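Asker: Quick one: the structure is below, questions incoming.
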Amino acid sequence: MAAFRFGFGRLNFHLLKRRSFLLLKLIAFVCSVLLFCEFLIYYFVILPCNWPEVKTPAHGGKQETLEPVLKAMFLADTHLLGEVRGHWLDKLRREWQMERAFQTALWLLQPEVVFILGDIFDEGKWSSPQAWADDVKRFQKMFRHPGHVQLKVVVGNHDIGFHYQMNRYRIKRFEKVFNPERLFSWKGINFVMVNSVALEGDGCNICSEAEAELMDISHKLNCSREEQRPSQCGNGPPLPASAPVLLQHFPLYRRSDANCSGEDAAPPEEKGIPFKERYDVLSREASQKLLWWLRPRLILSGHTHSGCEVLHGAGVPELSVPSFSWRNRNNPSFIMGSMTPTEYALAKCYLPLEDTVLITYCAAAGFLVVVMLVHLGLVASPVLFGYKLLRKFKTV
């Protein structure tokens, strides 16, 4: 009887040991999948991205001048969800994705300045003071950055509302958090950041003030282009003699996305849909004013959530930057720009596909289910089943 109890005890011990070892292996597997999907995948995907080299049109080689190169990162349409439409799971998933992508890009690529081209928030146009404060706090956590990296933000329609929703209170609330400067110069490069929501052209007070501000910037830029500074330019320090880079939320006027191409372009069923002026794109009149007043060498915009490259006027390129969030597209991305006062080079860096992460989780869950069923003896081991099938095939 004692021998039987001893043998039964040993059997229970070995069974418990076997199950504990299996549990440890499953926990290690789950932790490995989580580590890959929530951290490592961002490093694997962003690591191959490199800053483009600035090249001279004449020689096609590396820039031979001593002009400093500015490393600028451009992203758009983060759409942080608010208290009204923001489901907690959606917030957790998509905001974690943006935080990990942004922090990984900062660590690997080390840009000097980051521009976000509007629609920072999804509900800024109607959020209460407390909801706004909560959204700002989450944004500052997600997009935290070292002191030597500058973060510049352009206002979008979801931040302050479309023209008919926009008011001074929302604009001031936004500008209290984000510096309201419209003209930013660094390393001899001029960036003009436009409140494109205010370019309605109906003569409203906010619209008139926005246009007057742009005309003043235009005057300063024109003075910087003069070799001999005229008296009407004043005695203040001149701007760098460099054609500006125009940054805004709404794209300049174009009929549709029909001529846009690339893996991050709008879906085929949406490309041919005509754009509505003052809603999907700026009006023709506002677009012409910006081109005439500022004479930019490059335009970057957001709003459409899809990528597109178009030429305006006498060949001025505009790049629509896709959304940075999984909420708006499966393959988000951002733009890397190497810039000097006279040249620039752009490259696109894609983030992990949301489908890849979901498929990985589904495959891992399926594997765990199979392992548990095999362990409980409800299904035969795939290895044993394959071995028996192979033996049967050989005997035949």
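Numbering starts fresh at 1 for the residues of each chain in the structure tokens, the chains themselves are lettered A, B, ... in the order given, and ligands are numbered from 1 as they appear.
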Excluding same-chain residues fewer than 2 positions from Trp326 (chain A), what lies within 10 Å of it counting only C-alpha atoms, as JSON, numbers by chain?
Answerer: {"A": [78, 90, 93, 94, 95, 97, 98, 323, 324, 328, 329, 330, 331, 332, 333, 351, 352, 353, 354, 355]}
Asker: Compile the contact shell of Gln165 (chain A) as a VMD selection string: residues with an atom at most 12 Å away, counting only C-alpha atoms, same-chain residues fewer than 2 positions apart removed.
Answerer: chain A and resid 124 to 126 157 to 163 167 to 171 197 to 198 206
Asker: What residues in region 222-349 of chain A get the DSSP label helix (DSSP H, G or I)? Please answer as a PDB file with C-alpha atoms, in the first residue's frame.
Answerer:
```pdb
ATOM      1  CA  ASN A 222      10.111  89.287 -51.245  1.00  0.00           C
ATOM      2  CA  CYS A 223      12.512  91.513 -49.324  1.00  0.00           C
ATOM      3  CA  SER A 224      14.781  88.546 -48.658  1.00  0.00           C
ATOM      4  CA  ARG A 225      15.039  87.932 -52.416  1.00  0.00           C
ATOM      5  CA  SER A 231      13.767 101.085 -47.831  1.00  0.00           C
ATOM      6  CA  GLN A 232      10.226  99.696 -47.520  1.00  0.00           C
ATOM      7  CA  CYS A 233      11.662  96.439 -46.142  1.00  0.00           C
ATOM      8  CA  PRO A 268      -9.384  52.834 -56.750  1.00  0.00           C
ATOM      9  CA  GLU A 269     -13.082  53.288 -55.963  1.00  0.00           C
ATOM     10  CA  GLU A 270     -12.353  56.704 -54.368  1.00  0.00           C
ATOM     11  CA  LYS A 271      -9.806  58.129 -56.792  1.00  0.00           C
ATOM     12  CA  ARG A 284      -8.991  77.651 -56.745  1.00  0.00           C
ATOM     13  CA  GLU A 285      -8.793  81.303 -55.659  1.00  0.00           C
ATOM     14  CA  ALA A 286      -7.115  80.551 -52.317  1.00  0.00           C
ATOM     15  CA  SER A 287      -4.684  78.154 -53.988  1.00  0.00           C
ATOM     16  CA  GLN A 288      -3.656  80.770 -56.547  1.00  0.00           C
ATOM     17  CA  LYS A 289      -3.193  83.377 -53.816  1.00  0.00           C
ATOM     18  CA  LEU A 290      -0.817  81.119 -51.870  1.00  0.00           C
ATOM     19  CA  LEU A 291       1.213  80.384 -55.001  1.00  0.00           C
ATOM     20  CA  TRP A 292       1.389  84.056 -55.982  1.00  0.00           C
ATOM     21  CA  TRP A 293       2.084  85.471 -52.538  1.00  0.00           C
ATOM     22  CA  LEU A 294       4.592  82.930 -51.240  1.00  0.00           C
TER      23      LEU A 294
END
```
Asker: Give me the residues near region 127-134 of chain A as a ChimeraX atom specification, where near means some atom within 9 Å (using only C-alpha atoms) and where sequence neighbours in that chain fewer than 6 positions away do not count.
Answerer: /A:82-84,173
Asker: Please report, as an MDAnalysis selection string, each residue of region 70-297 of chain A to which DSSP assigns strand (DSSP E or B) when run on this structure's backbone.
Answerer: chainID A and resid 70:76 80 113:117 121 150:154 183:186 189:193 245:247 277 281
Asker: Selected residues, C-alpha atoms, written as a tab-separated table (two decimals), in the first residue's frame, please.
Answerer:
```
chain	number	residue	atom	x	y	z
A	70	LEU	CA	18.27	70.04	-42.03
A	71	LYS	CA	16.66	66.70	-41.19
A	72	ALA	CA	12.91	67.28	-41.08
A	73	MET	CA	10.17	64.73	-40.44
A	74	PHE	CA	6.61	65.33	-41.69
A	75	LEU	CA	3.50	63.47	-40.55
A	76	ALA	CA	-0.21	64.20	-40.64
A	80	LEU	CA	-6.40	61.39	-31.28
A	113	VAL	CA	12.48	69.09	-36.43
A	114	VAL	CA	9.10	67.35	-36.70
A	115	PHE	CA	6.10	68.91	-38.43
A	116	ILE	CA	2.55	67.59	-37.91
A	117	LEU	CA	0.26	68.81	-40.66
A	121	PHE	CA	-7.18	65.68	-32.49
A	150	GLN	CA	11.63	70.92	-32.32
A	151	LEU	CA	7.97	69.99	-32.80
A	152	LYS	CA	5.87	72.26	-35.01
A	153	VAL	CA	2.15	71.82	-35.52
A	154	VAL	CA	-0.21	73.11	-38.23
A	183	LEU	CA	6.99	81.68	-40.30
A	184	PHE	CA	9.79	79.47	-39.07
A	185	SER	CA	13.38	79.69	-40.34
A	186	TRP	CA	16.20	77.32	-39.50
A	189	ILE	CA	15.35	77.40	-44.77
A	190	ASN	CA	11.99	79.19	-44.54
A	191	PHE	CA	8.87	77.25	-43.56
A	192	VAL	CA	5.47	78.94	-43.84
A	193	MET	CA	2.75	77.25	-41.73
A	245	VAL	CA	8.42	75.37	-47.95
A	246	LEU	CA	4.65	75.71	-47.55
A	247	LEU	CA	3.03	73.56	-44.85
A	277	GLU	CA	-13.62	73.10	-52.80
A	281	VAL	CA	-9.22	70.96	-50.89
```
Asker: Between A:Ile273, A:Leu221, A:Leu214, A:Leu373, which has the minimum distance to Pro237 (chain A) (counting only C-alpha atoms)?
Answerer: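 Under the stated criterion, the closest residue is A:Leu221.
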Asker: In Å, rounded to a single decimal, give me how far CA of Tyr350 (chain A) is from CA of Glu263 (chain A).
Answerer: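 Those two atoms sit 10.4 Å apart.
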Asker: Find, counting only C-alpha atoms, the residue in A:Val45, A:Pro146, A:Thr340, A:Ala212 that gets nearest to Ala101 (chain A).
Answerer: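 Going through A:Val45, A:Pro146, A:Thr340, A:Ala212 one by one, the smallest distance to Ala101 (chain A) is for A:Val45.
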Asker: So which residues touch Val310 (chain A) within 8 Å, counting only C-alpha atoms, skipping near sequence neighbours fewer than 3 positions away, as an mmCIF file with all heavy atoms, in the first residue's frame?
Answerer:
```
data_model
loop_
_atom_site.group_PDB
_atom_site.id
_atom_site.type_symbol
_atom_site.label_atom_id
_atom_site.label_comp_id
_atom_site.auth_asym_id
_atom_site.auth_seq_id
_atom_site.Cartn_x
_atom_site.Cartn_y
_atom_site.Cartn_z
ATOM 1 N N CYS A 260 -3.254 60.206 -58.843
ATOM 2 C CA CYS A 260 -2.342 59.822 -57.769
ATOM 3 C C CYS A 260 -2.041 58.328 -57.867
ATOM 4 O O CYS A 260 -2.912 57.521 -58.190
ATOM 5 C CB CYS A 260 -2.943 60.131 -56.402
ATOM 6 S SG CYS A 260 -3.407 61.875 -56.195
ATOM 7 N N PRO A 317 5.905 71.408 -56.808
ATOM 8 C CA PRO A 317 5.401 70.098 -56.353
ATOM 9 C C PRO A 317 4.668 70.198 -55.018
ATOM 10 O O PRO A 317 5.056 70.946 -54.134
ATOM 11 C CB PRO A 317 6.683 69.267 -56.210
ATOM 12 C CG PRO A 317 7.752 70.269 -55.908
ATOM 13 C CD PRO A 317 7.364 71.539 -56.608
ATOM 14 N N GLU A 318 3.595 69.442 -54.901
ATOM 15 C CA GLU A 318 2.882 69.287 -53.637
ATOM 16 C C GLU A 318 2.814 67.806 -53.300
ATOM 17 O O GLU A 318 2.473 66.975 -54.148
ATOM 18 C CB GLU A 318 1.467 69.851 -53.695
ATOM 19 C CG GLU A 318 0.709 69.632 -52.380
ATOM 20 C CD GLU A 318 -0.719 70.143 -52.392
ATOM 21 O OE1 GLU A 318 -1.209 70.533 -53.483
ATOM 22 O OE2 GLU A 318 -1.367 70.153 -51.321
ATOM 23 N N LEU A 319 3.106 67.499 -52.061
ATOM 24 C CA LEU A 319 3.057 66.125 -51.569
ATOM 25 C C LEU A 319 2.009 66.040 -50.469
ATOM 26 O O LEU A 319 2.121 66.708 -49.454
ATOM 27 C CB LEU A 319 4.436 65.710 -51.033
ATOM 28 C CG LEU A 319 4.590 64.266 -50.582
ATOM 29 C CD1 LEU A 319 4.424 63.317 -51.745
ATOM 30 C CD2 LEU A 319 5.953 64.054 -49.940
#
```
Asker: Using only C-alpha atoms, determine which residues lie at most 9 Å from Thr104 (chain A), disregarding the query and same-chain residues fewer than 5 positions distant; provide the list as a list in words.
Answerer: Phe39, Tyr42, Tyr43, Ile46, Leu47, Glu99 and Leu109 of chain A
Asker: Excluding Val155 (chain A) and any residue of its chain fewer than 6 positions from it, enumerate the residues within 7 Å of it, using only C-alpha atoms, and give them as a tab-separated table (two decimals) with N, CA and C atoms, in the first residue's frame.
Answerer:
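Listing of part_22.tsv after writing:
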```tsv
chain	number	residue	atom	x	y	z
A	118	GLY	N	-1.64	68.99	-39.17
A	118	GLY	CA	-3.04	69.20	-38.86
A	118	GLY	C	-3.83	67.96	-38.49
A	119	ASP	N	-5.04	68.20	-37.95
A	119	ASP	CA	-5.91	67.16	-37.40
A	119	ASP	C	-5.16	66.34	-36.37
A	195	ASN	N	-2.77	78.49	-41.65
A	195	ASN	CA	-4.08	78.06	-41.16
A	195	ASN	C	-5.00	77.99	-42.38
A	249	HIS	N	-2.76	72.13	-43.82
A	249	HIS	CA	-3.58	70.93	-43.67
A	249	HIS	C	-4.32	70.61	-44.97
```
Asker: For CA of Val69 (chain A) and CA of His148 (chain A), quote the distance in Å rounded to one decimal.
Answerer: 15.8 Å
Asker: Please determine, counting only C-alpha atoms, which residue among A:Leu239, A:Thr356, A:Met372, A:Ser325 has the shortest atom-to-atom distance to Cys37 (chain A).
Answerer: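 So, comparing all the options, the nearest one is A:Thr356.
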Asker: With a distance cut-off of 7 Å and only C-alpha atoms, select the neighbouring residues of Gly188 (chain A), excluding the residue or stretch itself and same-chain residues fewer than 6 positions from it, and output the selection as a list in words.
Answerer: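 The contact residues come out as Pro240, Ser242 and Pro341 of chain A.
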Asker: Output C-alpha atoms for every residue in the selection just made, as a CSV table (one decimal), in the first residue's frame.
Answerer:
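Dumped to out_33.csv:
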```csv
chain,number,residue,atom,x,y,z
A,240,PRO,CA,17.2,83.8,-45.4
A,242,SER,CA,15.4,80.9,-49.8
A,341,PRO,CA,18.4,76.6,-48.5
```
